[in-house]
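Asks: I'm passing along my_file.cif; it holds mmCIF, C-alpha atoms; chains and numbers go by the auth columns.
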```
data_target
loop_
_atom_site.group_PDB
_atom_site.id
_atom_site.type_symbol
_atom_site.label_atom_id
_atom_site.label_comp_id
_atom_site.label_asym_id
_atom_site.label_seq_id
_atom_site.Cartn_x
_atom_site.Cartn_y
_atom_site.Cartn_z
_atom_site.B_iso_or_equiv
_atom_site.auth_seq_id
_atom_site.auth_asym_id
ATOM 1 C CA MET A 1 0.000 0.000 0.000 0.00 1 A
ATOM 2 C CA ASP A 2 1.586 3.272 -1.055 0.00 2 A
ATOM 3 C CA LEU A 3 1.414 6.378 1.017 0.00 3 A
ATOM 4 C CA PRO A 4 0.090 9.553 -0.539 0.00 4 A
ATOM 5 C CA ASP A 5 2.893 11.939 -1.458 0.00 5 A
ATOM 6 C CA GLU A 6 0.700 14.984 -0.821 0.00 6 A
ATOM 7 C CA SER A 7 0.610 14.444 2.944 0.00 7 A
ATOM 8 C CA PRO A 8 3.706 16.017 4.510 0.00 8 A
ATOM 9 C CA SER A 9 2.422 15.409 8.031 0.00 9 A
ATOM 10 C CA LEU A 10 2.177 11.695 7.290 0.00 10 A
ATOM 11 C CA HIS A 11 5.791 11.612 6.198 0.00 11 A
ATOM 12 C CA ALA A 12 6.729 13.631 9.289 0.00 12 A
ATOM 13 C CA CYS A 13 5.039 10.935 11.382 0.00 13 A
ATOM 14 C CA LEU A 14 7.030 8.227 9.641 0.00 14 A
ATOM 15 C CA ARG A 15 10.288 10.108 10.218 0.00 15 A
ATOM 16 C CA ARG A 16 9.388 10.378 13.893 0.00 16 A
ATOM 17 C CA VAL A 17 8.507 6.692 14.175 0.00 17 A
ATOM 18 C CA ARG A 18 11.748 5.649 12.462 0.00 18 A
ATOM 19 C CA ARG A 19 13.672 7.293 15.320 0.00 19 A
ATOM 20 C CA TRP A 20 12.126 4.838 17.783 0.00 20 A
ATOM 21 C CA ARG A 21 14.165 1.818 18.787 0.00 21 A
ATOM 22 C CA VAL A 22 13.463 -1.200 16.594 0.00 22 A
ATOM 23 C CA PRO A 23 11.575 -3.834 18.631 0.00 23 A
ATOM 24 C CA PRO A 24 13.260 -7.183 19.271 0.00 24 A
ATOM 25 C CA ASN A 25 12.597 -9.932 16.718 0.00 25 A
ATOM 26 C CA TRP A 26 12.535 -7.359 13.889 0.00 26 A
ATOM 27 C CA THR A 27 15.195 -6.154 11.493 0.00 27 A
ATOM 28 C CA SER A 28 15.157 -2.432 10.843 0.00 28 A
ATOM 29 C CA THR A 29 14.056 -3.050 7.233 0.00 29 A
ATOM 30 C CA GLU A 30 11.183 -5.338 8.235 0.00 30 A
ATOM 31 C CA TRP A 31 10.107 -2.961 10.993 0.00 31 A
ATOM 32 C CA SER A 32 10.208 -0.022 8.591 0.00 32 A
ATOM 33 C CA ARG A 33 7.953 -1.912 6.165 0.00 33 A
ATOM 34 C CA GLU A 34 5.604 -2.894 8.990 0.00 34 A
ATOM 35 C CA VAL A 35 5.283 0.674 10.258 0.00 35 A
ATOM 36 C CA ARG A 36 4.819 1.978 6.723 0.00 36 A
ATOM 37 C CA ALA A 37 1.980 -0.508 6.114 0.00 37 A
ATOM 38 C CA GLN A 38 0.415 0.296 9.490 0.00 38 A
ATOM 39 C CA SER A 39 0.636 4.011 8.681 0.00 39 A
ATOM 40 C CA ALA A 40 -0.902 3.558 5.255 0.00 40 A
ATOM 41 C CA ALA A 41 -3.818 1.643 6.770 0.00 41 A
ATOM 42 C CA ALA A 42 -4.275 4.306 9.462 0.00 42 A
ATOM 43 C CA PHE A 43 -4.135 7.047 6.818 0.00 43 A
ATOM 44 C CA TRP A 44 -6.785 5.325 4.715 0.00 44 A
ATOM 45 C CA GLN A 45 -9.048 4.757 7.713 0.00 45 A
ATOM 46 C CA ALA A 46 -8.593 8.358 8.879 0.00 46 A
ATOM 47 C CA SER A 47 -9.443 9.578 5.365 0.00 47 A
ATOM 48 C CA CYS A 48 -12.674 7.595 5.478 0.00 48 A
ATOM 49 C CA GLU A 49 -13.620 8.786 8.965 0.00 49 A
ATOM 50 C CA PHE A 50 -12.620 12.447 8.594 0.00 50 A
ATOM 51 C CA ASP A 51 -15.445 14.891 9.271 0.00 51 A
ATOM 52 C CA PRO A 52 -14.663 18.482 8.220 0.00 52 A
ATOM 53 C CA GLY A 53 -17.679 19.667 10.228 0.00 53 A
ATOM 54 C CA ARG A 54 -15.756 19.092 13.462 0.00 54 A
ATOM 55 C CA GLY A 55 -13.321 21.877 12.637 0.00 55 A
ATOM 56 C CA VAL A 56 -10.165 19.761 12.898 0.00 56 A
ATOM 57 C CA PRO A 57 -7.693 20.197 10.039 0.00 57 A
ATOM 58 C CA PHE A 58 -7.311 17.084 7.912 0.00 58 A
ATOM 59 C CA GLU A 59 -3.516 16.937 8.325 0.00 59 A
ATOM 60 C CA ALA A 60 -3.758 17.130 12.131 0.00 60 A
ATOM 61 C CA PHE A 61 -6.454 14.440 12.177 0.00 61 A
ATOM 62 C CA VAL A 62 -4.388 12.126 9.981 0.00 62 A
ATOM 63 C CA GLN A 63 -1.204 12.752 11.918 0.00 63 A
ATOM 64 C CA GLN A 64 -2.876 11.869 15.219 0.00 64 A
ATOM 65 C CA ARG A 65 -4.401 8.691 13.808 0.00 65 A
ATOM 66 C CA VAL A 66 -1.152 7.555 12.187 0.00 66 A
ATOM 67 C CA LEU A 67 0.937 8.180 15.300 0.00 67 A
ATOM 68 C CA THR A 68 -1.611 6.421 17.478 0.00 68 A
ATOM 69 C CA ALA A 69 -1.676 3.377 15.188 0.00 69 A
ATOM 70 C CA ALA A 70 2.123 3.226 15.006 0.00 70 A
ATOM 71 C CA LEU A 71 2.498 3.612 18.764 0.00 71 A
ATOM 72 C CA THR A 72 -0.090 0.906 19.413 0.00 72 A
ATOM 73 C CA ARG A 73 1.747 -1.505 17.116 0.00 73 A
ATOM 74 C CA TYR A 74 5.069 -0.558 18.708 0.00 74 A
ATOM 75 C CA ARG A 75 3.724 -1.252 22.195 0.00 75 A
ATOM 76 C CA GLN A 76 2.294 -4.594 21.064 0.00 76 A
ATOM 77 C CA GLU A 77 5.688 -5.685 19.778 0.00 77 A
ATOM 78 C CA TRP A 78 7.510 -4.628 22.922 0.00 78 A
ATOM 79 C CA SER A 79 4.872 -6.265 25.097 0.00 79 A
ATOM 80 C CA PHE A 80 5.300 -9.470 23.145 0.00 80 A
ATOM 81 C CA ALA A 81 9.089 -9.240 23.514 0.00 81 A
ATOM 82 C CA VAL A 82 8.863 -8.652 27.268 0.00 82 A
ATOM 83 C CA HIS A 83 6.930 -11.894 27.710 0.00 83 A
ATOM 84 C CA CYS A 84 9.536 -13.900 25.826 0.00 84 A
ATOM 85 C CA ARG A 85 12.693 -15.108 27.506 0.00 85 A
ATOM 86 C CA PRO A 86 15.942 -13.931 25.884 0.00 86 A
ATOM 87 C CA GLY A 87 17.318 -16.450 23.435 0.00 87 A
ATOM 88 C CA GLU A 88 14.083 -18.429 23.234 0.00 88 A
ATOM 89 C CA GLU A 89 11.680 -18.545 20.356 0.00 89 A
ATOM 90 C CA CYS A 90 8.457 -16.912 21.537 0.00 90 A
ATOM 91 C CA ASP A 91 5.304 -18.962 21.243 0.00 91 A
ATOM 92 C CA PRO A 92 2.215 -16.779 20.707 0.00 92 A
ATOM 93 C CA GLU A 93 0.029 -19.497 22.236 0.00 93 A
ATOM 94 C CA CYS A 94 2.200 -19.466 25.364 0.00 94 A
ATOM 95 C CA THR A 95 1.916 -15.704 25.785 0.00 95 A
ATOM 96 C CA ALA A 96 -1.827 -15.916 25.153 0.00 96 A
ATOM 97 C CA ARG A 97 -2.075 -18.616 27.821 0.00 97 A
ATOM 98 C CA GLU A 98 -0.068 -16.457 30.256 0.00 98 A
ATOM 99 C CA ALA A 99 -2.362 -13.505 29.533 0.00 99 A
ATOM 100 C CA SER A 100 -5.378 -15.714 30.161 0.00 100 A
ATOM 101 C CA GLU A 101 -3.890 -16.892 33.463 0.00 101 A
ATOM 102 C CA ARG A 102 -3.238 -13.278 34.501 0.00 102 A
ATOM 103 C CA LYS A 103 -6.842 -12.339 33.661 0.00 103 A
ATOM 104 C CA HIS A 104 -8.073 -15.270 35.738 0.00 104 A
ATOM 105 C CA LEU A 105 -5.839 -14.203 38.639 0.00 105 A
ATOM 106 C CA VAL A 106 -7.127 -10.617 38.444 0.00 106 A
ATOM 107 C CA ARG A 107 -10.731 -11.818 38.440 0.00 107 A
ATOM 108 C CA GLU A 108 -9.998 -14.095 41.387 0.00 108 A
ATOM 109 C CA ILE A 109 -8.351 -11.322 43.391 0.00 109 A
ATOM 110 C CA LEU A 110 -11.159 -8.883 42.614 0.00 110 A
ATOM 111 C CA THR A 111 -13.578 -11.252 44.357 0.00 111 A
ATOM 112 C CA HIS A 112 -11.939 -10.153 47.625 0.00 112 A
ATOM 113 C CA LEU A 113 -13.096 -6.568 47.102 0.00 113 A
ATOM 114 C CA SER A 114 -16.417 -5.074 48.084 0.00 114 A
ATOM 115 C CA SER A 115 -18.808 -4.011 45.345 0.00 115 A
ATOM 116 C CA ALA A 116 -17.991 -0.330 46.024 0.00 116 A
ATOM 117 C CA GLU A 117 -14.262 -1.061 45.679 0.00 117 A
ATOM 118 C CA ILE A 118 -14.821 -2.968 42.444 0.00 118 A
ATOM 119 C CA ARG A 119 -16.894 -0.084 41.062 0.00 119 A
ATOM 120 C CA LEU A 120 -14.133 2.378 41.924 0.00 120 A
ATOM 121 C CA ILE A 121 -11.390 0.254 40.330 0.00 121 A
ATOM 122 C CA THR A 122 -13.566 -0.408 37.286 0.00 122 A
ATOM 123 C CA ARG A 123 -14.298 3.269 36.766 0.00 123 A
ATOM 124 C CA LEU A 124 -10.660 4.304 37.233 0.00 124 A
ATOM 125 C CA TYR A 125 -8.886 1.616 35.228 0.00 125 A
ATOM 126 C CA TRP A 126 -11.379 0.123 32.778 0.00 126 A
ATOM 127 C CA ALA A 127 -13.621 3.107 32.076 0.00 127 A
ATOM 128 C CA GLY A 128 -10.736 5.601 32.275 0.00 128 A
ATOM 129 C CA GLU A 129 -12.573 8.086 34.469 0.00 129 A
ATOM 130 C CA THR A 130 -10.660 10.568 36.597 0.00 130 A
ATOM 131 C CA GLU A 131 -10.676 10.725 40.372 0.00 131 A
ATOM 132 C CA ILE A 132 -12.294 14.175 40.143 0.00 132 A
ATOM 133 C CA THR A 133 -15.174 12.891 38.011 0.00 133 A
ATOM 134 C CA ILE A 134 -15.811 9.971 40.338 0.00 134 A
ATOM 135 C CA ALA A 135 -15.579 12.219 43.409 0.00 135 A
ATOM 136 C CA ALA A 136 -18.225 14.552 41.988 0.00 136 A
ATOM 137 C CA ASP A 137 -20.540 11.595 41.242 0.00 137 A
ATOM 138 C CA VAL A 138 -20.289 10.084 44.723 0.00 138 A
ATOM 139 C CA CYS A 139 -20.160 13.403 46.643 0.00 139 A
ATOM 140 C CA LEU A 140 -16.605 13.005 47.929 0.00 140 A
ATOM 141 C CA THR A 141 -13.428 14.969 47.502 0.00 141 A
ATOM 142 C CA GLN A 142 -10.804 13.908 44.971 0.00 142 A
ATOM 143 C CA GLN A 143 -8.427 13.262 47.888 0.00 143 A
ATOM 144 C CA ALA A 144 -10.900 10.838 49.485 0.00 144 A
ATOM 145 C CA VAL A 145 -11.235 8.922 46.216 0.00 145 A
ATOM 146 C CA SER A 146 -7.446 8.862 45.887 0.00 146 A
ATOM 147 C CA LYS A 147 -7.039 7.517 49.439 0.00 147 A
ATOM 148 C CA ARG A 148 -9.575 4.760 48.748 0.00 148 A
ATOM 149 C CA LYS A 149 -7.782 3.856 45.534 0.00 149 A
ATOM 150 C CA VAL A 150 -4.409 3.682 47.294 0.00 150 A
ATOM 151 C CA ALA A 151 -5.868 1.495 50.056 0.00 151 A
ATOM 152 C CA ILE A 152 -7.452 -0.868 47.513 0.00 152 A
ATOM 153 C CA LEU A 153 -4.229 -1.163 45.522 0.00 153 A
ATOM 154 C CA ARG A 154 -2.246 -1.791 48.726 0.00 154 A
ATOM 155 C CA ASP A 155 -4.649 -4.612 49.642 0.00 155 A
ATOM 156 C CA LEU A 156 -4.416 -6.063 46.138 0.00 156 A
ATOM 157 C CA ARG A 157 -0.597 -6.006 46.304 0.00 157 A
ATOM 158 C CA LYS A 158 -0.728 -7.888 49.613 0.00 158 A
ATOM 159 C CA LEU A 159 -2.997 -10.505 48.063 0.00 159 A
ATOM 160 C CA LEU A 160 -0.661 -10.893 45.076 0.00 160 A
ATOM 161 C CA ALA A 161 2.414 -11.160 47.319 0.00 161 A
ATOM 162 C CA SER A 162 0.896 -13.797 49.600 0.00 162 A
ATOM 163 C CA PRO A 163 2.577 -17.196 49.227 0.00 163 A
ATOM 164 C CA THR A 164 -0.730 -19.010 48.907 0.00 164 A
ATOM 165 C CA PRO A 165 -3.110 -18.019 46.138 0.00 165 A
ATOM 166 C CA PRO A 166 -6.322 -16.309 47.272 0.00 166 A
ATOM 167 C CA ALA A 167 -9.155 -18.715 47.862 0.00 167 A
#
```
Using the file provided, produce a representation of the structure as structure tokens.

Replies:
Amino acid sequence: MDLPDESPSLHACLRRVRRWRVPPNWTSTEWSREVRAQSAAAFWQASCEFDPGRGVPFEAFVQQRVLTAALTRYRQEWSFAVHCRPGEECDPECTAREASERKHLVREILTHLSSAEIRLITRLYWAGETEITIAADVCLTQQAVSKRKVAILRDLRKLLASPTPPA
């Protein structure tokens, strides 16, 4: 997929991405091709989804979409590399199994929380809400929400560090 020559911001994005460290398991040539393909796909999708009525310049919209797509792919590759032991061939099924085990462990540990604590953690980490937003909804101060969050995370760390798995 070729990139449009008339988009200087797209090429600026690619220059920026090429300065990033090449992820493990990739040669610089292969990674360059991968990022270029990812960028072309993001450019095409952004072109289809662009709405001039929102008042955002096309170049800025495309640049944001391309950088986001490239960064997402970059993080995926580094995440994959982190879960592989050095010198070993990485098995995608193994990393998927490890991810599944981690999800199971998280679900199991969350059963030790009250429903209010689960709601708070869910809103903060899964829904991406801010402490200020949650505080306003539940008629507390941001500091009170922060203290509750810290206490919950401390308890979760203790559960994870315990030698016997939570029952």

Asks: Apply the PyMOL selection byres ((chain A and resi 60-68) around 12) to the file shown and report the selected residues as an NGL selection string.

Replies: :A and (3-4 or 7-18 or 20 or 35-52 or 54-59 or 69-75)

Asks: List as a list in words the protein and nucleic acid residues near stretch 142-155 of chain A, meaning an atom at most 7 Å away when all atoms listed in the file are counted, but skip any in the same chain fewer than 6 places from it.

Replies: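 In the requested format, the answer is Glu131, Ile132 and Ala135 of chain A.
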
Asks: Using only C-alpha atoms, what does the table of stretch 10-124 of chain A residues within 10 Å of stretch 156-161 of chain A look like, with each row giving the shortest atom pair and its distance in Å to one decimal, sorted by chain and ascending number, as a Markdown table?

Replies:
```
| residue | atom | partner | partner_atom | distance |
| --- | --- | --- | --- | --- |
| A:Leu105 | CA | A:Leu160 | CA | 8.9 |
| A:Val106 | CA | A:Leu160 | CA | 9.3 |
| A:Ile109 | CA | A:Leu156 | CA | 7.1 |
| A:Leu110 | CA | A:Leu156 | CA | 8.1 |
| A:His112 | CA | A:Leu156 | CA | 8.7 |
| A:Leu113 | CA | A:Leu156 | CA | 8.7 |
```

Asks: Could you save those same residues with C-alpha atoms as a PDB file, in the frame of the given file?

Replies:
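This is the output file part38.pdb:
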```
ATOM      1  CA  LEU A 105      -5.839 -14.203  38.639  1.00  0.00           C
ATOM      2  CA  VAL A 106      -7.127 -10.617  38.444  1.00  0.00           C
ATOM      3  CA  ILE A 109      -8.351 -11.322  43.391  1.00  0.00           C
ATOM      4  CA  LEU A 110     -11.159  -8.883  42.614  1.00  0.00           C
ATOM      5  CA  HIS A 112     -11.939 -10.153  47.625  1.00  0.00           C
ATOM      6  CA  LEU A 113     -13.096  -6.568  47.102  1.00  0.00           C
TER       7      LEU A 113
END
```

Asks: What does the distance between atom CA of A:Trp26 and atom CA of A:Glu101 come to in Å, to one decimal place?

Replies: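 One can read the atom CA of A:Trp26 to atom CA of A:Glu101 distance as 27.3 Å.
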
Asks: Please compute the atom CA of A:Arg21-atom CA of A:Glu77 distance, one decimal, in Å.

Replies: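 Interatomic distance here is 11.4 Å.
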
Asks: Between atom CA of A:Ser162 and atom CA of A:Leu124, what is the distance, to one decimal in Å?

Replies: 24.8 Å

Asks: Find, counting all atoms listed in the file, the residue in A:Phe80, A:Tyr125, A:Thr111, A:Ala116 that gets nearest to A:Ala99.

Replies: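 Of all the options, A:Phe80 lies closest to A:Ala99.
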